[in-house]
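S.K.: Quick one: structure below, then a few questions.
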Amino acid sequence: MQTTASPGSPQTPAISGQAPPRRPAATVALACVGVLVSYLPVVGVSTSLPVLQQALGASTVGLQWITDAFILPTAALLLTCGMIGDLYGRKKVYLAGLLLSALGSLVCLTADGVARVCAGQALTGIGTAALLPSTLALISQVRPAPRERATAIALWTAALGLGLTLGPLVNGLIVQHASWRWMFLPALLVAVVTAVTGAFVLAESRSTRERHLDLPGQLLAIVAVTALVFGVIEGGSADWGSTQSLLGFGVAALALPAFAVVELRSRCPMLDLRLFASPAFSGAAFVMALTLFAQVGLVFALSEYFGLVHHASTWDIGLRLLALNGFTVVLGPLVGRLLRRSTPPGLLLVSGLVVGGIGALCVGLFHADTGTGTAALVIAVLGIGIALAMAPITTIAMDSLPGRLASTAGAANSALRQIGSALGPAVFGVVLTERTLSALPGHLADSGLDPAAQGQVHGMVSEAGIQAGAFLHLGSARDTARALTAYGDSFTAALHTCALVGGIGMLLAAAVAAVTVGVRSGAAHRGPGDYGRSAP
């Protein structure tokens, strides 16, 4: 039977049937494997988009939905999955997340079209929504001391980066030797093996406080996030004044304030908006969303650039983007040691965001024929910045609230991470499409092609999508080469705009972090009494 905690009580009684923490090292390891499984598809699928486009005949909109079919359910269901874990057990939610991820990979493995790949991605996204809050809650359970928890979170962040790093490399290796479908097999196998191991190793835990599912809030969150992303994608693919785009933005504009009203009035809200009374938590939440928006959006844009302009294979794309996420793995333990030795998380966060913002802006120096070495150097600067920022963001969010709110803070933090991740491909995909199409006529006019050929090329790219420009074939080899050069220059101009958006976004995040978190001290801890009524 559950018991409630008073707002000012320093401790909360354990609920009946809750097992004490055991095997803390194994629990942290399984939490890290869980987040690795959840992030294998994020960049792995993004870098495979050129292969999927050719195999499935997908349009730009189709490719955006393949990416967002994973991210949308993750963003919309994270908070509810965190609450379900509090109610029924974090171990159960963790295992369910692994099995859903495995099922989603199986659906993609047997897919024969864009719709089925999207369905599989959606199932995997639901699994990720269960894994992210449950893994952080498992870590908080076995590592309650702030410094130990900071080290464990740094390892968790490194595992996240490892998933982002291995995804494109493993997928690239597979599609070189087998059908694209088999790139979903590794995640399936790892998820099944980890679920079996976790069933025997993990101890069950749940919240000591009375909680209830917030169905109205959940439904409004799903509607608001999905409608917003739908409006962005449809506006970019058709017209910002189209019925579909206006409908999406209109529904989002109604659902978001309705969600806020419902959460403020709910006895047990899915997202207690009073969490944002902590400046450090609010700042970390905004910075998290903005950073992931820039990171995932740039991964989407760079993957398209390397695949369509450089005609790189999935393996080559993975290698070129290795530094972007690889430094999170390499520097993760170092960042953890720095946090453990009382280095201010805000200092690491702001420094990382500034370095990352500079790296993103330097992507604007790329040309259609930029060499691999130059590209790798710029991407490494971006990757170092992200590596320095990711662990401190999560640590600040978790430490800025009382320990009993760790699960709620982790779920809210992850939800905002995924909202930013969902908007990244949507917005950057729109920028790529509109900027490429607007720049193409000018580059075609300078290419030496006759007006008829220019019209033919522009018509093909406009009608079939910007991916079609990479596979242009005109009457002669010389005309084809001129058309491809004009297309490459146009797409690179679009990449420059994406770099500007991403760089400014990360520098803005650095400014917000400097004001809300500061660089001289860590997140200010707020006691339970600072939140009025007891927060979930």
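Please note that chains go A, B, ... in the order of the structure tokens, that every chain numbers its residues from 1, and that ligands are numbered from 1 in the order shown.
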Quick one: everything within 9 Å of A:Phe286, counting only C-alpha atoms, minus sequence neighbours fewer than 6 positions away in the same chain. Send it as a VMD selection string.
M.R.: chain A and resid 416 to 417 509 512 to 513
S.K.: Counting only C-alpha atoms, which of A:Ala224, A:Ile317, A:Leu185, A:Ile386 gets nearest to A:Ala301?
M.R.: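 Among the listed residues, A:Ile317 lies closest to A:Ala301.
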S.K.: Work out how far atom CA of A:Thr110 is from atom CA of A:Val192, in Å to one decimal.
M.R.: 17.4 Å
S.K.: Can you list, as a ChimeraX atom specification, every protein, DNA or RNA residue that comes within 9 Å of A:Gly283 when you count only C-alpha atoms, leaving out same-chain residues fewer than 3 positions away?
M.R.: /A:276,278-280,286-288,397,509,512-517
S.K.: Just the selected residues (C-alpha atoms), exported as a CSV table (one decimal), in the first residue's frame, please.
M.R.:
```
chain,number,residue,atom,x,y,z
A,276,PHE,CA,10.1,25.3,-13.6
A,278,SER,CA,13.8,26.4,-10.2
A,279,PRO,CA,15.8,28.7,-12.5
A,280,ALA,CA,18.5,26.0,-12.9
A,286,PHE,CA,15.4,25.0,-22.4
A,287,VAL,CA,19.1,24.4,-23.1
A,288,MET,CA,18.5,20.7,-23.5
A,397,ALA,CA,18.4,19.2,-14.2
A,509,ALA,CA,21.6,28.2,-25.3
A,512,VAL,CA,20.6,31.2,-21.4
A,513,ALA,CA,22.7,28.7,-19.4
A,514,ALA,CA,25.0,31.5,-18.2
A,515,VAL,CA,22.1,33.5,-16.9
A,516,THR,CA,19.9,30.8,-15.4
A,517,VAL,CA,22.6,28.3,-14.2
```
S.K.: With distances taken over only C-alpha atoms, which residue among A:Val107, A:Val309, A:Leu72, A:Ala115 lies nearest A:Gln467?
M.R.: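 Answer, going by the shortest atom-to-atom distance: A:Val309.
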S.K.: Give me the residues near A:Val501 as an MDAnalysis selection string, where near means some atom within 10 Å (using only C-alpha atoms) and where sequence neighbours in that chain fewer than 6 positions away do not count.
M.R.: chainID A and resid 293:294 297:298 357 360:361 427:428 431 495
S.K.: Output the selection as a PDB file, in the first residue's frame - C-alpha atoms for each residue.
M.R.:
```pdb
ATOM      1  CA  PHE A 293      17.278  20.680 -31.853  1.00  0.00           C
ATOM      2  CA  ALA A 294      20.595  21.902 -33.266  1.00  0.00           C
ATOM      3  CA  GLY A 297      18.961  18.829 -37.073  1.00  0.00           C
ATOM      4  CA  LEU A 298      22.595  19.191 -38.127  1.00  0.00           C
ATOM      5  CA  GLY A 357      28.122  26.828 -31.520  1.00  0.00           C
ATOM      6  CA  ALA A 360      28.192  24.584 -36.065  1.00  0.00           C
ATOM      7  CA  LEU A 361      28.855  27.997 -37.597  1.00  0.00           C
ATOM      8  CA  VAL A 427      12.800  22.414 -39.326  1.00  0.00           C
ATOM      9  CA  PHE A 428      16.148  21.594 -40.931  1.00  0.00           C
ATOM     10  CA  VAL A 431      15.280  24.725 -44.608  1.00  0.00           C
ATOM     11  CA  LEU A 495      23.512  23.564 -45.605  1.00  0.00           C
TER      12      LEU A 495
END
```
S.K.: Which is closer to A:Gly125 than all the others in A:Val28, A:Leu87, A:Ala152, A:Ile66, using only C-alpha atoms?
M.R.: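 That would be A:Ile66, the residue with the smallest distance to A:Gly125.
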S.K.: Write out as an MDAnalysis selection string which residues come within 9 Å of A:Ala453 when counting only C-alpha atoms, dropping same-chain ones fewer than 4 positions away.
M.R.: chainID A and resid 444 449 457:458 474 479 483
S.K.: Atom CA of A:Leu131 and atom CA of A:Gly34, how far apart in Å?
M.R.: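 Taking atom CA of A:Gly34 and atom CA of A:Leu131, their separation equals 6.3 Å.
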S.K.: Compare A:Pro168, A:Pro73, A:Gly97, A:Gly359 by their minimum atom-to-atom distance to A:Val225, counting only C-alpha atoms, and give me the closest one.
M.R.: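 Smallest separation from A:Val225 among the options: A:Pro73.
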S.K.: Identify, on the basis of only C-alpha atoms, every residue whose closest approach to A:Gly231 does not exceed 10 Å; exclude the query and any residue fewer than 6 positions from it along the same chain; express the result as a ChimeraX atom specification.
M.R.: /A:237,240,242-252,426
S.K.: Once you have the residues from the selection above, write them out as a compact mmCIF listing (two decimals), in the first residue's frame, restricted to N, CA, C and O atoms.
M.R.:
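What follows is the written file part.txt:
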```
# COMPACT_ATOMS: atom_id res chain seq x y z
N SER A 237 6.80 21.29 -47.08
CA SER A 237 6.65 20.46 -48.27
C SER A 237 5.64 21.03 -49.25
O SER A 237 5.75 20.81 -50.46
N TRP A 240 3.21 27.23 -46.58
CA TRP A 240 2.93 27.61 -45.20
C TRP A 240 1.50 28.08 -45.02
O TRP A 240 0.99 28.09 -43.89
N SER A 242 -1.01 26.51 -46.53
CA SER A 242 -1.87 25.38 -46.91
C SER A 242 -2.78 24.99 -45.75
O SER A 242 -2.51 25.27 -44.58
N THR A 243 -3.86 24.31 -46.11
CA THR A 243 -4.83 23.89 -45.09
C THR A 243 -4.19 22.98 -44.06
O THR A 243 -4.42 23.12 -42.85
N GLN A 244 -3.35 22.03 -44.55
CA GLN A 244 -2.73 21.08 -43.63
C GLN A 244 -1.81 21.78 -42.63
O GLN A 244 -1.83 21.49 -41.42
N SER A 245 -0.99 22.71 -43.14
CA SER A 245 -0.04 23.41 -42.25
C SER A 245 -0.77 24.28 -41.24
O SER A 245 -0.47 24.25 -40.04
N LEU A 246 -1.74 25.05 -41.71
CA LEU A 246 -2.50 25.92 -40.80
C LEU A 246 -3.27 25.11 -39.77
O LEU A 246 -3.38 25.50 -38.60
N LEU A 247 -3.81 23.96 -40.20
CA LEU A 247 -4.53 23.09 -39.27
C LEU A 247 -3.59 22.58 -38.18
O LEU A 247 -3.95 22.58 -36.99
N GLY A 248 -2.38 22.17 -38.58
CA GLY A 248 -1.43 21.68 -37.60
C GLY A 248 -1.06 22.74 -36.58
O GLY A 248 -1.08 22.51 -35.37
N PHE A 249 -0.71 23.94 -37.06
CA PHE A 249 -0.34 25.02 -36.15
C PHE A 249 -1.53 25.46 -35.29
O PHE A 249 -1.36 25.81 -34.11
N GLY A 250 -2.73 25.47 -35.88
CA GLY A 250 -3.91 25.86 -35.13
C GLY A 250 -4.21 24.90 -33.99
O GLY A 250 -4.51 25.32 -32.86
N VAL A 251 -4.13 23.60 -34.28
CA VAL A 251 -4.37 22.59 -33.24
C VAL A 251 -3.32 22.71 -32.14
O VAL A 251 -3.63 22.63 -30.95
N ALA A 252 -2.05 22.91 -32.53
CA ALA A 252 -0.98 23.04 -31.54
C ALA A 252 -1.20 24.28 -30.67
O ALA A 252 -0.99 24.25 -29.45
N ALA A 426 12.56 18.20 -38.62
CA ALA A 426 11.43 18.86 -39.27
C ALA A 426 11.83 20.24 -39.80
O ALA A 426 11.63 20.56 -40.97
```
S.K.: Tell me, as a PDB file with C-alpha atoms, in the first residue's frame, which residues lie within 12 Å of A:Ala55, counting only C-alpha atoms; anything in the same chain fewer than 2 positions away does not count.
M.R.:
```pdb
ATOM      1  CA  SER A  48      20.840   5.704 -43.867  1.00  0.00           C
ATOM      2  CA  LEU A  49      18.217   8.043 -45.339  1.00  0.00           C
ATOM      3  CA  PRO A  50      19.835   8.152 -48.822  1.00  0.00           C
ATOM      4  CA  VAL A  51      19.737   4.339 -48.925  1.00  0.00           C
ATOM      5  CA  LEU A  52      16.118   4.279 -47.746  1.00  0.00           C
ATOM      6  CA  GLN A  53      15.213   6.959 -50.288  1.00  0.00           C
ATOM      7  CA  GLY A  57      11.358   5.763 -53.340  1.00  0.00           C
ATOM      8  CA  ALA A  58      10.735   8.061 -50.387  1.00  0.00           C
ATOM      9  CA  SER A  59      10.258  11.800 -50.800  1.00  0.00           C
ATOM     10  CA  LEU A  63      12.251  10.776 -44.985  1.00  0.00           C
ATOM     11  CA  ALA A 111       9.104  -3.664 -43.883  1.00  0.00           C
ATOM     12  CA  ASP A 112       8.332  -3.243 -47.574  1.00  0.00           C
ATOM     13  CA  GLY A 113       7.474   0.463 -47.671  1.00  0.00           C
ATOM     14  CA  VAL A 114       7.741   3.833 -45.965  1.00  0.00           C
ATOM     15  CA  VAL A 117       9.158   1.581 -41.564  1.00  0.00           C
ATOM     16  CA  VAL A 175      24.126  -2.041 -46.102  1.00  0.00           C
ATOM     17  CA  SER A 179      19.857  -5.514 -47.612  1.00  0.00           C
ATOM     18  CA  TRP A 180      19.053  -2.292 -45.741  1.00  0.00           C
ATOM     19  CA  ARG A 181      16.496  -4.220 -43.660  1.00  0.00           C
TER      20      ARG A 181
END
```
S.K.: Given the choices A:Ala493, A:Ala284, A:Ala130, A:Ala195, which gets closest to A:Phe366 if the distance is worked out from only C-alpha atoms?
M.R.: A:Ala493
